[in-house]
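The structure file query-v5.txt is reproduced below (compact mmCIF, C-alpha atoms and all ligand atoms).
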```
# COMPACT_ATOMS: atom_id res chain seq x y z
CA MET P 746 -17.54 -21.10 -8.12
CA HIS P 747 -20.15 -18.56 -6.99
CA SER P 748 -21.54 -15.57 -8.84
CA VAL P 749 -21.83 -12.32 -6.91
CA GLU P 750 -25.52 -12.99 -6.19
CA THR P 751 -24.52 -15.49 -3.49
CA PHE P 752 -22.95 -12.66 -1.49
CA ARG P 753 -25.65 -9.99 -1.76
CA GLU P 754 -27.21 -11.16 1.49
CA LEU P 755 -24.02 -10.15 3.32
CA GLN P 756 -24.03 -6.64 1.91
CA ASP P 757 -26.17 -4.87 4.54
CA GLU P 758 -24.22 -6.28 7.44
CA ALA P 759 -20.85 -5.62 5.78
CA THR P 760 -22.00 -2.07 5.04
CA GLU P 761 -22.73 -1.54 8.73
CA TRP P 762 -19.21 -2.76 9.66
CA ARG P 763 -17.63 -0.63 6.97
CA ARG P 764 -19.41 2.54 8.07
CA TYR P 765 -18.62 1.88 11.74
CA LEU P 766 -14.93 1.54 10.82
CA HIS P 767 -15.16 4.65 8.67
CA GLN P 768 -16.49 6.66 11.62
CA HIS P 769 -13.66 5.42 13.86
CA PRO P 770 -10.41 5.73 11.87
CA GLU P 771 -7.06 4.99 13.53
CA LEU P 772 -3.51 5.53 12.26
CA GLY P 773 -0.47 3.31 11.79
CA TYR P 774 0.09 0.80 14.56
CA GLN P 775 -2.51 2.52 16.78
CA VAL P 776 -5.43 0.56 15.33
CA HIS P 777 -6.45 -0.79 18.75
CA ASP P 778 -10.22 -0.32 18.48
CA THR P 779 -10.23 -1.56 14.88
CA ALA P 780 -8.35 -4.71 15.88
CA ARG P 781 -10.76 -5.23 18.79
CA PHE P 782 -13.75 -4.80 16.45
CA VAL P 783 -12.23 -7.30 13.99
CA THR P 784 -11.47 -9.82 16.74
CA GLU P 785 -14.99 -9.62 18.20
CA LYS P 786 -16.56 -10.15 14.79
CA LEU P 787 -14.29 -13.11 13.98
CA ALA P 788 -15.14 -14.75 17.31
CA SER P 789 -18.86 -14.20 16.68
CA PHE P 790 -18.52 -16.14 13.40
CA GLY P 791 -17.36 -19.19 15.37
CA ILE P 792 -13.68 -18.80 14.54
CA ASN P 793 -11.72 -19.95 17.59
CA HIS P 794 -8.13 -19.67 16.41
CA ILE P 795 -7.47 -15.92 16.61
CA GLU P 796 -4.10 -14.39 17.47
CA THR P 797 -3.84 -10.70 18.31
CA GLY P 798 -0.97 -8.33 19.01
CA ILE P 799 1.11 -9.40 16.01
CA ALA P 800 3.19 -6.38 14.89
CA GLU P 801 1.56 -4.58 17.88
CA THR P 802 -2.03 -4.52 16.65
CA GLY P 803 -2.21 -7.03 13.78
CA VAL P 804 -4.63 -9.95 13.91
CA VAL P 805 -4.39 -13.38 12.26
CA ALA P 806 -7.32 -15.82 12.40
CA VAL P 807 -7.42 -19.34 11.00
CA ILE P 808 -10.47 -21.11 9.56
CA GLN P 809 -10.13 -24.82 8.94
CA GLY P 810 -12.00 -26.35 6.02
CA GLU P 811 -14.08 -29.48 6.36
CA GLY P 812 -12.51 -31.08 3.27
CA GLY P 813 -9.56 -32.59 5.14
CA ASP P 814 -5.87 -31.73 5.24
CA GLY P 815 -4.38 -29.31 2.77
CA ALA P 816 -2.37 -26.14 2.35
CA THR P 817 -2.97 -22.82 4.13
CA ILE P 818 -3.52 -19.69 2.08
CA GLY P 819 -3.24 -16.19 3.51
CA LEU P 820 -5.70 -13.38 2.69
CA ARG P 821 -4.64 -9.93 3.78
CA ALA P 822 -6.56 -6.74 4.56
CA ASP P 823 -5.07 -3.49 5.86
CA MET P 824 -6.79 -1.63 8.73
CA ASP P 825 -5.15 1.81 9.05
CA ALA P 826 -6.45 5.26 8.08
CA LEU P 827 -4.75 8.53 7.08
CA PRO P 828 -4.10 11.89 8.79
CA ILE P 829 -6.58 13.78 6.58
CA LEU P 830 -9.51 16.02 7.54
CA GLU P 831 -12.53 14.35 5.92
CA ALA P 832 -14.64 16.33 3.44
CA SER P 833 -16.90 13.59 2.06
CA ASN P 834 -20.02 14.99 3.81
CA LYS P 835 -21.34 11.46 4.18
CA PRO P 836 -23.59 10.71 7.18
CA TRP P 837 -20.96 8.16 8.30
CA SER P 838 -18.05 10.64 8.09
CA SER P 839 -15.11 10.29 10.46
CA GLN P 840 -15.88 11.18 14.06
CA ILE P 841 -12.22 11.82 14.73
CA LEU P 842 -11.02 15.21 13.58
CA GLY P 843 -8.03 15.04 11.24
CA LYS P 844 -8.17 11.28 10.65
CA MET P 845 -10.08 9.47 7.94
CA HIS P 846 -10.26 6.28 5.94
CA ALA P 847 -9.20 7.94 2.69
CA CYS P 848 -7.71 4.80 1.14
CA GLY P 849 -10.61 2.42 1.68
CA HIS P 850 -8.89 0.19 4.23
CA ASP P 851 -12.24 0.28 6.10
CA GLY P 852 -13.74 -1.44 3.03
CA HIS P 853 -10.84 -3.89 2.77
CA THR P 854 -11.34 -4.89 6.41
CA ALA P 855 -15.12 -5.23 5.97
CA MET P 856 -14.70 -7.39 2.83
CA LEU P 857 -12.32 -9.78 4.58
CA LEU P 858 -14.68 -9.95 7.56
CA GLY P 859 -17.55 -10.76 5.18
CA ALA P 860 -15.50 -13.53 3.59
CA ALA P 861 -14.57 -14.80 7.07
CA LYS P 862 -18.25 -15.02 8.03
CA TYR P 863 -19.14 -16.90 4.85
CA LEU P 864 -16.15 -19.27 4.98
CA ALA P 865 -16.57 -20.01 8.70
CA GLY P 866 -20.21 -20.88 8.04
CA THR P 867 -19.62 -23.15 5.03
CA ARG P 868 -16.02 -24.48 5.29
CA LYS P 869 -16.24 -26.11 1.83
CA PHE P 870 -12.49 -26.36 1.27
CA LYS P 871 -9.58 -28.50 2.40
CA GLY P 872 -6.70 -27.13 4.42
CA SER P 873 -6.96 -23.71 6.06
CA VAL P 874 -7.37 -20.02 5.44
CA ALA P 875 -5.32 -17.51 7.43
CA LEU P 876 -7.04 -14.12 7.58
CA ILE P 877 -4.40 -11.44 8.00
CA PHE P 878 -5.50 -8.01 9.29
CA GLN P 879 -2.46 -5.74 9.26
CA PRO P 880 -1.74 -2.34 10.82
CA ALA P 881 0.44 0.44 9.40
CA GLU P 882 0.17 -0.08 5.65
CA GLU P 883 0.28 3.65 4.89
CA ASP P 884 3.29 4.44 7.01
CA GLY P 885 5.37 2.13 9.15
CA CYS P 886 5.72 -1.08 7.10
CA GLY P 887 3.22 -3.12 9.12
CA GLY P 888 3.29 -5.82 6.46
CA GLN P 889 7.05 -6.16 6.84
CA ARG P 890 6.74 -6.43 10.62
CA MET P 891 4.11 -9.15 10.41
CA VAL P 892 6.43 -11.11 8.12
CA GLN P 893 9.40 -10.46 10.46
CA GLU P 894 7.32 -11.69 13.39
CA GLY P 895 7.02 -14.97 11.54
CA ILE P 896 3.38 -15.20 10.45
CA MET P 897 4.21 -17.13 7.28
CA ASP P 898 5.98 -19.97 9.12
CA ARG P 899 3.84 -19.87 12.24
CA PHE P 900 0.59 -20.31 10.36
CA GLY P 901 2.12 -22.48 7.60
CA ILE P 902 1.02 -20.05 4.89
CA SER P 903 2.09 -21.26 1.43
CA GLN P 904 0.44 -18.59 -0.77
CA VAL P 905 -0.72 -15.07 0.07
CA PHE P 906 -3.20 -12.70 -1.59
CA GLY P 907 -4.05 -9.00 -1.33
CA MET P 908 -6.70 -6.68 -2.75
CA HIS P 909 -7.06 -2.89 -3.12
CA ASN P 910 -9.95 -0.78 -4.33
CA ARG P 911 -9.47 1.40 -7.39
CA PRO P 912 -11.48 4.60 -7.89
CA GLY P 913 -12.35 5.25 -11.54
CA MET P 914 -12.85 1.57 -12.28
CA GLU P 915 -16.47 0.37 -12.35
CA VAL P 916 -17.86 -1.54 -9.39
CA GLY P 917 -17.94 -5.24 -10.30
CA LYS P 918 -14.69 -5.07 -12.28
CA PHE P 919 -11.30 -6.44 -11.34
CA ALA P 920 -7.82 -5.68 -12.69
CA ILE P 921 -4.54 -7.52 -12.30
CA CYS P 922 -1.27 -8.31 -14.08
CA ASP P 923 1.39 -10.96 -13.82
CA GLY P 924 4.87 -9.72 -12.84
CA PRO P 925 5.59 -6.20 -11.55
CA VAL P 926 2.61 -4.48 -9.91
CA ALA P 927 4.01 -1.69 -7.73
CA ALA P 928 7.40 -0.01 -7.60
CA ALA P 929 10.16 -0.07 -5.02
CA LEU P 930 10.25 3.07 -2.87
CA ASP P 931 13.44 4.81 -1.75
CA GLU P 932 13.97 8.28 -0.27
CA PHE P 933 16.97 10.56 -0.30
CA ASP P 934 18.17 13.75 1.40
CA ILE P 935 20.82 16.08 0.06
CA ILE P 936 22.29 18.93 2.07
CA VAL P 937 24.24 21.39 -0.06
CA LYS P 938 26.90 23.10 2.02
CA GLY P 939 28.07 26.42 0.61
CA ARG P 940 29.29 29.60 2.30
CA GLY P 941 26.80 32.24 3.26
CA GLY P 942 27.15 36.00 3.12
CA HIS P 943 25.57 39.29 2.05
CA ALA P 944 23.26 38.93 -0.93
CA ALA P 945 24.73 42.12 -2.41
CA HIS P 946 28.14 40.43 -2.66
CA PRO P 947 27.48 36.93 -4.01
CA TYR P 948 31.06 36.63 -5.34
CA ARG P 949 32.23 36.39 -1.71
CA THR P 950 29.94 33.42 -1.06
CA ILE P 951 29.30 29.92 -2.36
CA ASP P 952 25.58 30.15 -2.99
CA PRO P 953 23.98 26.79 -2.05
CA ILE P 954 20.65 27.82 -3.59
CA VAL P 955 22.14 28.10 -7.07
CA VAL P 956 23.96 24.78 -6.56
CA ALA P 957 20.74 23.09 -5.37
CA ALA P 958 18.93 24.39 -8.45
CA GLN P 959 21.64 22.88 -10.69
CA ILE P 960 21.42 19.58 -8.85
CA ILE P 961 17.64 19.42 -9.35
CA VAL P 962 18.10 19.91 -13.09
CA GLY P 963 21.06 17.50 -13.16
CA LEU P 964 19.05 14.69 -11.53
CA GLN P 965 16.49 14.84 -14.35
CA THR P 966 19.15 13.67 -16.78
CA LEU P 967 19.69 10.42 -14.84
CA VAL P 968 16.24 9.44 -16.11
CA SER P 969 16.29 11.08 -19.54
CA ARG P 970 19.94 10.48 -20.58
CA ASN P 971 21.29 7.58 -18.49
CA THR P 972 18.41 5.11 -18.27
CA ASP P 973 17.01 2.74 -20.89
CA PRO P 974 13.68 4.35 -21.85
CA THR P 975 11.95 0.96 -21.85
CA GLU P 976 12.77 0.55 -18.15
CA SER P 977 11.08 2.57 -15.42
CA LEU P 978 12.77 5.07 -13.11
CA VAL P 979 11.16 8.02 -11.35
CA ILE P 980 13.27 10.57 -9.47
CA SER P 981 11.27 13.41 -7.90
CA VAL P 982 12.75 16.18 -5.77
CA THR P 983 9.90 16.93 -3.39
CA LYS P 984 11.42 19.22 -0.75
CA LEU P 985 13.66 22.25 -1.01
CA HIS P 986 14.41 24.49 1.95
CA ALA P 987 16.95 27.29 2.20
CA GLY P 988 17.43 30.79 3.49
CA THR P 989 15.83 33.14 5.98
CA ALA P 990 15.93 36.67 4.54
CA TYR P 991 15.91 38.76 1.34
CA ASN P 992 19.48 39.93 1.79
CA ILE P 993 21.27 36.84 3.06
CA ILE P 994 22.81 34.07 1.00
CA PRO P 995 22.49 31.08 3.33
CA ASP P 996 25.19 28.60 4.33
CA TYR P 997 23.28 25.58 3.17
CA ALA P 998 20.24 24.30 1.30
CA GLU P 999 18.35 21.11 2.08
CA MET P 1000 16.56 19.00 -0.48
CA ALA P 1001 14.84 15.62 -0.43
CA GLY P 1002 12.99 13.37 -2.78
CA THR P 1003 11.75 9.95 -3.78
CA VAL P 1004 12.92 7.23 -6.18
CA ARG P 1005 10.67 4.57 -7.75
CA THR P 1006 11.97 1.54 -9.65
CA PHE P 1007 11.09 -2.06 -10.53
CA LEU P 1008 14.53 -3.46 -11.39
CA PRO P 1009 17.11 -4.01 -8.62
CA SER P 1010 19.84 -2.86 -11.02
CA LEU P 1011 18.08 0.49 -11.55
CA ARG P 1012 17.55 0.84 -7.83
CA ASP P 1013 21.31 0.43 -7.28
CA PHE P 1014 22.03 2.79 -10.18
CA ALA P 1015 19.79 5.50 -8.71
CA GLU P 1016 21.31 5.26 -5.26
CA ARG P 1017 24.85 5.50 -6.68
CA GLN P 1018 24.25 8.11 -9.35
CA ILE P 1019 22.06 10.56 -7.43
CA GLU P 1020 24.92 10.97 -4.99
CA ALA P 1021 27.59 11.08 -7.71
CA CYS P 1022 25.63 13.62 -9.77
CA ALA P 1023 24.92 15.87 -6.79
CA GLN P 1024 28.51 15.57 -5.55
CA GLY P 1025 29.97 16.38 -8.96
CA ILE P 1026 27.77 19.41 -9.51
CA ALA P 1027 28.42 20.74 -6.00
CA ARG P 1028 32.22 20.37 -6.35
CA GLY P 1029 32.11 22.20 -9.65
CA PHE P 1030 30.81 25.23 -7.76
CA GLY P 1031 33.07 24.80 -4.73
CA ALA P 1032 30.31 23.41 -2.52
CA GLU P 1033 30.04 20.08 -0.73
CA ILE P 1034 27.11 17.77 -0.14
CA GLU P 1035 25.91 15.45 2.57
CA PHE P 1036 23.88 12.58 1.12
CA ARG P 1037 21.51 10.15 2.82
CA HIS P 1038 19.55 7.41 1.10
CA ARG P 1039 17.00 5.01 2.58
CA ARG P 1040 15.55 1.91 0.96
CA LEU P 1041 11.94 1.53 2.02
CA GLU P 1042 9.48 -0.79 0.33
CA PRO P 1043 10.62 -3.36 -2.25
CA ALA P 1044 8.95 -3.64 -5.64
CA MET P 1045 5.86 -5.84 -5.62
CA PHE P 1046 5.65 -8.75 -8.04
CA ASN P 1047 2.65 -10.97 -8.71
CA HIS P 1048 3.55 -14.61 -9.25
CA THR P 1049 2.20 -16.39 -12.32
CA LYS P 1050 0.41 -19.21 -10.50
CA GLY P 1051 -1.18 -16.84 -7.99
CA THR P 1052 -2.20 -14.42 -10.75
CA ASN P 1053 -3.89 -17.20 -12.70
CA LEU P 1054 -5.72 -18.32 -9.60
CA ALA P 1055 -6.86 -14.75 -8.87
CA ILE P 1056 -8.09 -14.35 -12.47
CA LYS P 1057 -10.03 -17.61 -12.24
CA ALA P 1058 -11.69 -16.56 -8.95
CA ALA P 1059 -12.63 -13.12 -10.29
CA ARG P 1060 -13.87 -14.48 -13.63
CA GLY P 1061 -16.05 -16.99 -11.82
CA LEU P 1062 -17.60 -14.14 -9.86
CA VAL P 1063 -18.19 -11.51 -12.55
CA GLY P 1064 -17.41 -13.14 -15.93
CA PRO P 1065 -14.30 -12.81 -18.09
CA VAL P 1066 -15.13 -9.43 -19.66
CA SER P 1067 -15.09 -7.78 -16.23
CA VAL P 1068 -11.56 -8.91 -15.41
CA ALA P 1069 -8.68 -6.91 -16.93
CA GLU P 1070 -5.75 -9.30 -16.93
CA LYS P 1071 -2.89 -7.19 -18.23
CA ILE P 1072 -3.02 -3.79 -16.55
CA LYS P 1073 0.04 -1.57 -16.39
CA PRO P 1074 2.07 -1.64 -13.18
CA SER P 1075 1.96 1.43 -10.95
CA MET P 1076 4.97 3.51 -9.87
CA GLY P 1077 3.27 3.78 -6.46
CA SER P 1078 4.41 1.44 -3.71
CA GLU P 1079 2.51 -1.01 -1.53
CA ASP P 1080 3.60 -2.67 1.67
CA PHE P 1081 1.99 -5.99 0.69
CA ALA P 1082 5.24 -6.34 -1.33
CA TYR P 1083 6.87 -7.76 1.82
CA MET P 1084 4.32 -10.55 2.00
CA LEU P 1085 4.74 -11.35 -1.72
CA GLU P 1086 8.51 -11.42 -1.12
CA ALA P 1087 7.99 -14.01 1.60
CA ARG P 1088 5.44 -16.18 -0.23
CA PRO P 1089 4.07 -16.50 -3.79
CA GLY P 1090 0.65 -15.07 -4.53
CA ALA P 1091 -1.04 -12.07 -6.15
CA TYR P 1092 -2.53 -8.66 -5.54
CA ILE P 1093 -5.69 -7.59 -7.37
CA HIS P 1094 -7.57 -4.29 -7.85
CA ILE P 1095 -11.32 -4.06 -7.33
CA GLY P 1096 -13.46 -1.31 -8.91
CA ASN P 1097 -14.65 1.44 -6.56
CA GLY P 1098 -16.75 3.34 -9.13
CA PRO P 1099 -16.51 7.08 -9.90
CA THR P 1100 -15.42 8.18 -6.41
CA ALA P 1101 -12.72 10.71 -5.53
CA SER P 1102 -9.23 9.25 -5.72
CA VAL P 1103 -7.60 7.58 -2.76
CA HIS P 1104 -5.88 9.94 -0.26
CA ASN P 1105 -8.32 12.72 -1.28
CA PRO P 1106 -10.42 14.30 1.55
CA SER P 1107 -13.64 13.61 -0.42
CA TYR P 1108 -12.90 9.92 -0.99
CA ASP P 1109 -15.23 7.22 0.37
CA PHE P 1110 -15.13 3.47 -0.11
CA ASN P 1111 -18.06 2.33 -2.26
CA ASP P 1112 -20.28 -0.09 -0.30
CA GLU P 1113 -21.63 -1.49 -3.58
CA ALA P 1114 -18.21 -3.13 -4.01
CA LEU P 1115 -18.52 -5.13 -0.78
CA PRO P 1116 -20.25 -8.27 -2.17
CA TYR P 1117 -17.72 -8.36 -5.03
CA GLY P 1118 -14.76 -8.28 -2.68
CA ILE P 1119 -16.31 -10.86 -0.36
CA GLY P 1120 -17.14 -13.10 -3.33
CA TYR P 1121 -13.64 -12.80 -4.77
CA TRP P 1122 -12.08 -13.98 -1.50
CA VAL P 1123 -14.49 -16.90 -1.19
CA ASN P 1124 -14.00 -18.01 -4.80
CA LEU P 1125 -10.24 -17.73 -4.38
CA VAL P 1126 -10.24 -19.95 -1.28
CA GLU P 1127 -12.62 -22.54 -2.74
CA THR P 1128 -10.57 -22.66 -5.96
CA ALA P 1129 -7.11 -22.75 -4.37
CA LEU P 1130 -8.18 -25.26 -1.74
CA ALA P 1131 -10.78 -27.22 -3.75
CA ALA P 1132 -12.02 -30.08 -1.59
NI NI S 1201 -4.37 1.79 0.51
```
Could I get this structure in the form of C-alpha cells?
Ligand code: NI
Amino acid sequence: MHSVETFRELQDEATEWRRYLHQHPELGYQVHDTARFVTEKLASFGINHIETGIAETGVVAVIQGEGGDGATIGLRADMDALPILEASNKPWSSQILGKMHACGHDGHTAMLLGAAKYLAGTRKFKGSVALIFQPAEEDGCGGQRMVQEGIMDRFGISQVFGMHNRPGMEVGKFAICDGPVAAALDEFDIIVKGRGGHAAHPYRTIDPIVVAAQIIVGLQTLVSRNTDPTESLVISVTKLHAGTAYNIIPDYAEMAGTVRTFLPSLRDFAERQIEACAQGIARGFGAEIEFRHRRLEPAMFNHTKGTNLAIKAARGLVGPVSVAEKIKPSMGSEDFAYMLEARPGAYIHIGNGPTASVHNPSYDFNDEALPYGIGYWVNLVETALAA
C-alpha cells in the first residue's frame, strides 16, 4: 500500500494532461479528440491492448499484471464536458466557446491516465486491470451503452469501480458509503387539455392554467402525505408553459418534471400516482391530461465487498481519519449506476477543495487532487489483485 508521496512525481505531467483536456472540452458521444488523446497516452505507456470506438467514442485498455493469472477489475473515468460558457478565468480556460469541463471529467480522465502510467510501469499485481474511458456521462447514458456493447463479458471484468470529485470537501479526503449512493432518475410530461376562450369570460372555458396549478400543488402531497417519511422521494415540476396573450385563456398547458428515488417500489408508486393524481384533478375540473413518463438512470448501489476494498485503498493512501465511510446518499443520479448494475464494485468521492460547485461556470478541477486520485486507483488495484 502506497502513501500519496509515491505519486507526487506524476503530478506535473498529469496536470499538463488535465489542462490540455480542460482547454479542449467535447460533449456527449462527440469526444473524438479526447479519446484520441487518451489512446495516444495509453500507447505511450507501453499498453498494447487498447480498444477504441466502444459506444462510439469509448476506450477500454487492458494492463496485465506480472503476478500471474487472476481476476480483471474495471476502473472507469468519464470524458465528456458540458454546454456551459466558462467563467473560471483560469489561463487554461476552455478554448471552445460554450463548452467546458464543469464537472471535472478532465480531472477524472487525467487521474486514470496517471494510474495507467504507474500500473503499466510496475505491474505488481496478478490478473488484469481494464481501464474504462466512457463518453456521454452527462447526457446520453454512455455507461449504459458500454455495458450493452458487452465490455463486462468481453474483458472478463468481475468488479468495477468509479470515482467523482467533490467540491467543498478538502483535497486529500475521500468519502463513500455502502448501499445506496445516487438516486434513480425518471422524467415526466403532463399536458393539461382544457378549452380556451376569452379571458373576460372564463366561465365559458376550461382553464388549463388553473388546473395545472392545482396539479402542481397536488403532486406535493404524494411526497408529504403518501410516502413513508423515512424513505426518499423527490418530485419536482421543472417546466410550465401555457398561453400567448393577456386576454386569451389557452387550450392547453404543458408541464414537466423529474422524479428521484432509491427503492423500486417507490419508483413504481411515483409513476402510477403522478398520473392518477394529475388525471383525477384534471377530471374534477372537466379537463383531460396526456401523460408521458420515462425511466432514465437506475439508482446506484455500492456493494459491501467493493466498498470495503475502496475504503482500504483510500485509508492506505491518506490514513483512516481522511476517509468518511458513511456519507449520506445523494438524490442526484450518476450513469455509473449501469456498470454497478452489471458488476459489483463501488463509487467513491474525492475532495476537490473549496472550488465552485460542479456544473457552475466558475468551476475548475483542482490539480492538487491528481496524485490522490492516481494513488487511490493504484492502491485499489494492488489490494484487489494482490500478487
Ligand atoms: Ni460528473
Option closest in space to ligand NI 1201 (chain S), from P:Pro925, P:Gly963, P:Gly1077, P:Gly819 [counting all atoms listed in the file]: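 Comparing P:Pro925, P:Gly963, P:Gly1077, P:Gly819 against ligand NI 1201 (chain S), the winner is P:Gly1077.
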Environment of ligand NI 1201 (chain S) within 9 Å, counting all atoms listed in the file, reported as JSON, numbers by chain: {"P": [823, 825, 826, 847, 848, 849, 850, 853, 882, 883, 909, 910, 1079, 1103, 1104]}
In Å to one decimal, how far is CA of Val905 (chain P) from CA of Ser977 (chain P)?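 Atom-to-atom, CA of Ser977 (chain P) and CA of Val905 (chain P) are spaced 26.3 Å apart.
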Find the residues near Arg821 (chain P): any atom within 7 Å, counting all atoms listed in the file, skip ones fewer than 6 places away on the same chain, and give them as an mmCIF file with C-alpha atoms, in the coordinates of the input.
```cif
data_model
loop_
_atom_site.group_PDB
_atom_site.id
_atom_site.type_symbol
_atom_site.label_atom_id
_atom_site.label_comp_id
_atom_site.auth_asym_id
_atom_site.auth_seq_id
_atom_site.Cartn_x
_atom_site.Cartn_y
_atom_site.Cartn_z
ATOM 1 C CA LEU P 876 -7.040 -14.120 7.580
ATOM 2 C CA ILE P 877 -4.400 -11.440 8.000
ATOM 3 C CA PHE P 878 -5.500 -8.010 9.290
ATOM 4 C CA PHE P 906 -3.200 -12.700 -1.590
ATOM 5 C CA GLY P 907 -4.050 -9.000 -1.330
#
```
Who sits within 8 Å of Pro1099 (chain P), all atoms listed in the file, same chain under 4 positions skipped, as a list in words: Pro912, Gly913, Met914 and Glu915 of chain P
Shell around region 985-988 of chain P at 10 Å using all atoms listed in the file, local window under 6 positions removed, as a PyMOL selection string: chain P and resi 934-937+941+953-954+957-958+961+994-1002
Mind filling out region 1040-1047 of chain P with all heavy atoms and sending it as a JSON list (two decimals), keeping the file's coordinate frame?
```
[["chain", "number", "residue", "atom", "x", "y", "z"],
["P", 1040, "ARG", "N", 16.39, 2.83, 1.73],
["P", 1040, "ARG", "CA", 15.55, 1.91, 0.96],
["P", 1040, "ARG", "C", 14.33, 1.57, 1.80],
["P", 1040, "ARG", "O", 14.47, 1.07, 2.90],
["P", 1040, "ARG", "CB", 16.32, 0.64, 0.65],
["P", 1040, "ARG", "CG", 17.40, 0.92, -0.36],
["P", 1040, "ARG", "CD", 18.05, -0.34, -0.86],
["P", 1040, "ARG", "NE", 19.00, 0.08, -1.88],
["P", 1040, "ARG", "CZ", 19.30, -0.62, -2.96],
["P", 1040, "ARG", "NH1", 18.76, -1.79, -3.15],
["P", 1040, "ARG", "NH2", 20.16, -0.15, -3.84],
["P", 1041, "LEU", "N", 13.16, 1.84, 1.28],
["P", 1041, "LEU", "CA", 11.94, 1.53, 2.02],
["P", 1041, "LEU", "C", 11.31, 0.29, 1.41],
["P", 1041, "LEU", "O", 11.91, -0.77, 1.47],
["P", 1041, "LEU", "CB", 11.01, 2.75, 2.07],
["P", 1041, "LEU", "CG", 11.70, 3.96, 2.76],
["P", 1041, "LEU", "CD1", 10.87, 5.20, 2.63],
["P", 1041, "LEU", "CD2", 12.00, 3.68, 4.21],
["P", 1042, "GLU", "N", 10.16, 0.43, 0.78],
["P", 1042, "GLU", "CA", 9.48, -0.79, 0.33],
["P", 1042, "GLU", "C", 10.11, -1.39, -0.94],
["P", 1042, "GLU", "O", 10.52, -0.68, -1.83],
["P", 1042, "GLU", "CB", 8.01, -0.49, 0.10],
["P", 1042, "GLU", "CG", 7.28, -0.44, 1.43],
["P", 1042, "GLU", "CD", 5.99, 0.34, 1.41],
["P", 1042, "GLU", "OE1", 5.44, 0.56, 0.33],
["P", 1042, "GLU", "OE2", 5.54, 0.70, 2.50],
["P", 1043, "PRO", "N", 10.15, -2.73, -1.02],
["P", 1043, "PRO", "CA", 10.62, -3.36, -2.25],
["P", 1043, "PRO", "C", 9.56, -3.28, -3.34],
["P", 1043, "PRO", "O", 8.40, -2.97, -3.05],
["P", 1043, "PRO", "CB", 10.82, -4.82, -1.83],
["P", 1043, "PRO", "CG", 9.88, -5.03, -0.69],
["P", 1043, "PRO", "CD", 9.74, -3.71, 0.00],
["P", 1044, "ALA", "N", 9.93, -3.56, -4.56],
["P", 1044, "ALA", "CA", 8.95, -3.64, -5.64],
["P", 1044, "ALA", "C", 8.04, -4.85, -5.38],
["P", 1044, "ALA", "O", 8.46, -5.82, -4.74],
["P", 1044, "ALA", "CB", 9.66, -3.79, -6.99],
["P", 1045, "MET", "N", 6.80, -4.73, -5.85],
["P", 1045, "MET", "CA", 5.86, -5.84, -5.62],
["P", 1045, "MET", "C", 5.63, -6.59, -6.92],
["P", 1045, "MET", "O", 5.31, -5.99, -7.95],
["P", 1045, "MET", "CB", 4.54, -5.29, -5.08],
["P", 1045, "MET", "CG", 3.54, -6.38, -4.75],
["P", 1045, "MET", "SD", 2.20, -5.80, -3.72],
["P", 1045, "MET", "CE", 1.19, -4.98, -4.93],
["P", 1046, "PHE", "N", 5.81, -7.90, -6.86],
["P", 1046, "PHE", "CA", 5.65, -8.75, -8.04],
["P", 1046, "PHE", "C", 4.56, -9.80, -7.81],
["P", 1046, "PHE", "O", 4.59, -10.51, -6.82],
["P", 1046, "PHE", "CB", 6.96, -9.49, -8.35],
["P", 1046, "PHE", "CG", 8.04, -8.57, -8.84],
["P", 1046, "PHE", "CD1", 8.89, -7.94, -7.95],
["P", 1046, "PHE", "CD2", 8.20, -8.32, -10.20],
["P", 1046, "PHE", "CE1", 9.88, -7.07, -8.39],
["P", 1046, "PHE", "CE2", 9.19, -7.46, -10.66],
["P", 1046, "PHE", "CZ", 10.03, -6.83, -9.75],
["P", 1047, "ASN", "N", 3.61, -9.86, -8.73],
["P", 1047, "ASN", "CA", 2.65, -10.97, -8.71],
["P", 1047, "ASN", "C", 3.31, -12.20, -9.31],
["P", 1047, "ASN", "O", 4.09, -12.09, -10.27],
["P", 1047, "ASN", "CB", 1.41, -10.61, -9.54],
["P", 1047, "ASN", "CG", 0.40, -9.82, -8.74],
["P", 1047, "ASN", "OD1", 0.49, -9.72, -7.51],
["P", 1047, "ASN", "ND2", -0.58, -9.25, -9.43]]
```
